[in-house]
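Novice: Just passing along the structure, written as structure tokens.
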Amino acid sequence: MSSPSATGQPPVVAADPAPIGPLSTAVRLGALFGPAVFGVTAAGVALPKVAAALHAGPAAVAWVLTAHALALGIGTAVFGRLADSWGVRSALTVGSLVLAAGAVCCLAAPNLGVLIAGRLVLAAGSGAMTAGCLALLAAVDPAGRARVLATYGGVMALFAAGATLIGGVATTWLSWRVTLVLPALSLPAVPFCLGLATRPGTRRPVDVAGASLLAAAAASLLLLIQAPALGLPGAVAAAFAAVLVLSSAGLAWRVRRRTDGFVPRPVVGDAGFWIAAAIGVGVYGGLFAAMYAVPQILARTHGWSVLTVGAALLPGAVVGAVLSRMAGRLGARTGRRLLAGAATVTGVIMAVAGITGGGAWLLVAGTSLALASFALTQVVLTGEMSTRLPLPLRGAGMGLLNLVFFVGGGVGSAVAGALAPSTGLSRVLVAVACFPLAAAALALTPVRTPKDEPGR
């Protein structure tokens, strides 16, 4: 309590800061997470320029997306756990430094190898922004969560809608290097989100061994998928297969031994978590694969510039902003149906385009709906899982969920890159269609959503 001043006047009491409303909260969090989308959609538009500038083939340049997806997923999971342990404020501060370092590396990269290394660092830092956003979003008061999610979904969809055009503008008028570091646009949003980070961390130590095993399993899986396209010797592929088996087995053993390890048993023991994760894999896998294949088809077959590709995808993707805002106000069941419908149409269009060698605008329509499905996935599944995960594990749980999403996206672009040399880019779209169609089927799987309770 303040004491009287020396002049005898009443003490001046500092007023509490005004509470941050739902609209401001949603915009701040959307601005923090949104630029992460540029790491895939904007980068996909720039791939033809990257391949030409660095003299790289389709399979090799696919790693510009695959490496980003892998590191973004792992970074989200790691920083999600750090957010639980250190607090979101500290996790965002460290992540900002990592993101800035990765951007500098990408801008100065002399060859594809250094560029991919820079993208790994950049994506890990972007994962910190994603993890911080999801932890703060999941901690929103349940009474106001629907309002925040509704606006947040619109903001995310606008980032997704504008990413291709922004990528085209940056690539055409500036440089493809600028396009690849667009995720660094999250950095200006960090100071505005620190005020939302009020909950202290648990100070529990992070399970480094569990994190390492998970990272090894994810990386070896993606390398195995692309082993033929990369021309890896059989012995090297076998070594990666051994790493995958051993790291997966070690991770399973560690989950059984440590309830509160890097992969918390209560989270992975929830059937709803795995259904949500599988839906995300389908949606993200389809989007990443489409963003790998479609811009290259439009550039090579139809002679489109990257600016034309970006502009063409914008109108259809804006539909995602409307659908996501609707989904934020709907219940979990109706939101899932909306997601299933968007994913189904995406898959059908991609399959038809792949079988018939469909025209440019058919490709644009399918990719635009893939972008809309991505935004819907963020809104619907984030809202659903926020009610399922206990409060002390929300950062870890949301981080792991998005790790699975982004690794699924990496699998999608890796599969597309592996198939392209033998089947051609157009035929790759038939395989791409399997991802969103599977997601649509899973989205209709009924899952009971628990009520918000104290401590959840």
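Convention: chains lettered A, B, ... in structure tokens order; per-chain residue numbering from 1; ligands numbered from 1 as shown.
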Could you make a table, as a tab-separated table, of the residues of range 179-292 of chain A that have an atom within 10 Å of an atom of range 97-109 of chain A, each with its nearest atom pair and distance in Å to one decimal, counting only C-alpha atoms, in chain and number order?

Specialist:
residue	atom	partner	partner_atom	distance
A:Thr179	CA	A:Leu107	CA	9.8
A:Leu180	CA	A:Cys106	CA	7.4
A:Val181	CA	A:Ala103	CA	5.4
A:Leu182	CA	A:Ala103	CA	8.5
A:Pro183	CA	A:Leu99	CA	8.2
A:Ala184	CA	A:Leu99	CA	6.4
A:Leu185	CA	A:Leu99	CA	9.8
A:Ser186	CA	A:Leu99	CA	9.0
A:Leu187	CA	A:Leu99	CA	8.1

Novice: Write out the residues from the selection above, keeping N, CA, C and O atoms, as a compact mmCIF listing (two decimals), in the first residue's frame.

Specialist:
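Written file, selection-v5.txt:
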# COMPACT_ATOMS: atom_id res chain seq x y z
N THR A 179 11.18 -13.25 -50.09
CA THR A 179 9.99 -14.10 -49.95
C THR A 179 10.23 -15.21 -48.93
O THR A 179 9.34 -15.51 -48.11
N LEU A 180 11.41 -15.79 -48.93
CA LEU A 180 11.69 -16.92 -48.04
C LEU A 180 11.84 -16.50 -46.58
O LEU A 180 11.80 -17.36 -45.69
N VAL A 181 12.02 -15.21 -46.30
CA VAL A 181 12.16 -14.77 -44.90
C VAL A 181 10.94 -13.99 -44.42
O VAL A 181 10.97 -13.37 -43.36
N LEU A 182 9.84 -14.06 -45.15
CA LEU A 182 8.63 -13.36 -44.73
C LEU A 182 8.10 -13.79 -43.36
O LEU A 182 7.43 -13.00 -42.69
N PRO A 183 8.37 -15.03 -42.88
CA PRO A 183 7.93 -15.37 -41.53
C PRO A 183 8.49 -14.44 -40.45
O PRO A 183 7.93 -14.35 -39.35
N ALA A 184 9.58 -13.74 -40.76
CA ALA A 184 10.15 -12.80 -39.79
C ALA A 184 9.22 -11.62 -39.51
O ALA A 184 9.46 -10.86 -38.56
N LEU A 185 8.15 -11.49 -40.28
CA LEU A 185 7.17 -10.43 -40.01
C LEU A 185 6.42 -10.65 -38.70
O LEU A 185 5.70 -9.77 -38.24
N SER A 186 6.60 -11.82 -38.09
CA SER A 186 6.04 -12.05 -36.76
C SER A 186 6.72 -11.18 -35.70
O SER A 186 6.12 -10.89 -34.66
N LEU A 187 7.96 -10.82 -35.93
CA LEU A 187 8.75 -10.13 -34.90
C LEU A 187 8.11 -8.83 -34.41
O LEU A 187 8.09 -8.57 -33.21

Novice: Determine which residues of range 150-359 of chain A receive a DSSP assignment of alpha helix (DSSP H), computed from the backbone, and state them as a ChimeraX atom specification.

Specialist: /A:150-169,176-180,190-194,208-225,227-230,234-257,265-268,271-300,306-329,332-356

Novice: From the options A:Ala416, A:Leu425, A:Val45, A:Val37, which residue's atoms come nearest to Pro295 in chain A, counting only C-alpha atoms?

Specialist: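 For Pro295 in chain A, the nearest of the given residues is A:Val45.
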
Novice: Kindly indicate which residue among A:Gln296, A:Thr130, A:Asn402, A:Thr164 lies nearest to Phe38 in chain A, using only C-alpha atoms for the distances.

Specialist: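 Among A:Gln296, A:Thr130, A:Asn402, A:Thr164, it is A:Thr164 that comes nearest to Phe38 in chain A.
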
Novice: Leaving out Val352 in chain A and any residue of its chain fewer than 2 positions from it, which residues lie within 12 Å of it when counting only C-alpha atoms, given as a list of chain:residue names?

Specialist: A:Val345, A:Thr346, A:Gly347, A:Val348, A:Ile349, A:Met350, A:Gly354, A:Ile355, A:Thr356, A:Gly357, A:Gly358, A:Gly359, A:Leu362, A:Leu363, A:Ala365, A:Gly366, A:Ser426, A:Arg427, A:Val428, A:Leu429, A:Val430, A:Ala431, A:Val432, A:Ala433, A:Cys434

Novice: Excluding Ala62 in chain A and any residue of its chain fewer than 6 positions from it, enumerate the residues within 9 Å of it, using only C-alpha atoms, and give them as a list in words.

Specialist: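 Result of the neighbour search: Gly44, Leu47, Tyr292, Ser413, Ala414, Ala416, Gly417 and Ala418 of chain A.
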
Novice: Go ahead and save the picked residues with C-alpha atoms, as a PDB file, in the first residue's frame.

Specialist:
ATOM      1  CA  GLY A  44       5.790 -22.165 -52.750  1.00  0.00           C
ATOM      2  CA  LEU A  47      10.107 -22.100 -55.879  1.00  0.00           C
ATOM      3  CA  TYR A 292       4.951 -27.383 -54.183  1.00  0.00           C
ATOM      4  CA  SER A 413       5.672 -31.884 -50.049  1.00  0.00           C
ATOM      5  CA  ALA A 414       8.203 -34.734 -49.721  1.00  0.00           C
ATOM      6  CA  ALA A 416       5.148 -34.693 -54.172  1.00  0.00           C
ATOM      7  CA  GLY A 417       8.870 -34.093 -54.666  1.00  0.00           C
ATOM      8  CA  ALA A 418       9.605 -37.827 -54.684  1.00  0.00           C
TER       9      ALA A 418
END

Novice: Under the rule that only C-alpha atoms are counted, which of A:Thr445, A:Ser175, A:Thr25, A:Thr259 is the nearest residue to Ala43 in chain A?

Specialist: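 Closest residue, counting only C-alpha atoms: A:Ser175.
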
Novice: Which residues, written as JSON, numbers by chain, have at least one atom at most 9 Å from Ala218 in chain A, with only C-alpha atoms counted and residues fewer than 2 positions away on the same chain left out?

Specialist: {"A": [70, 74, 213, 214, 215, 216, 220, 221, 222, 223, 244, 407]}

Novice: Counting only C-alpha atoms, which of A:Met385, A:Ala235, A:Val27, A:Ala131 gets nearest to Leu72 in chain A?

Specialist: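 Closest candidate: A:Ala131.
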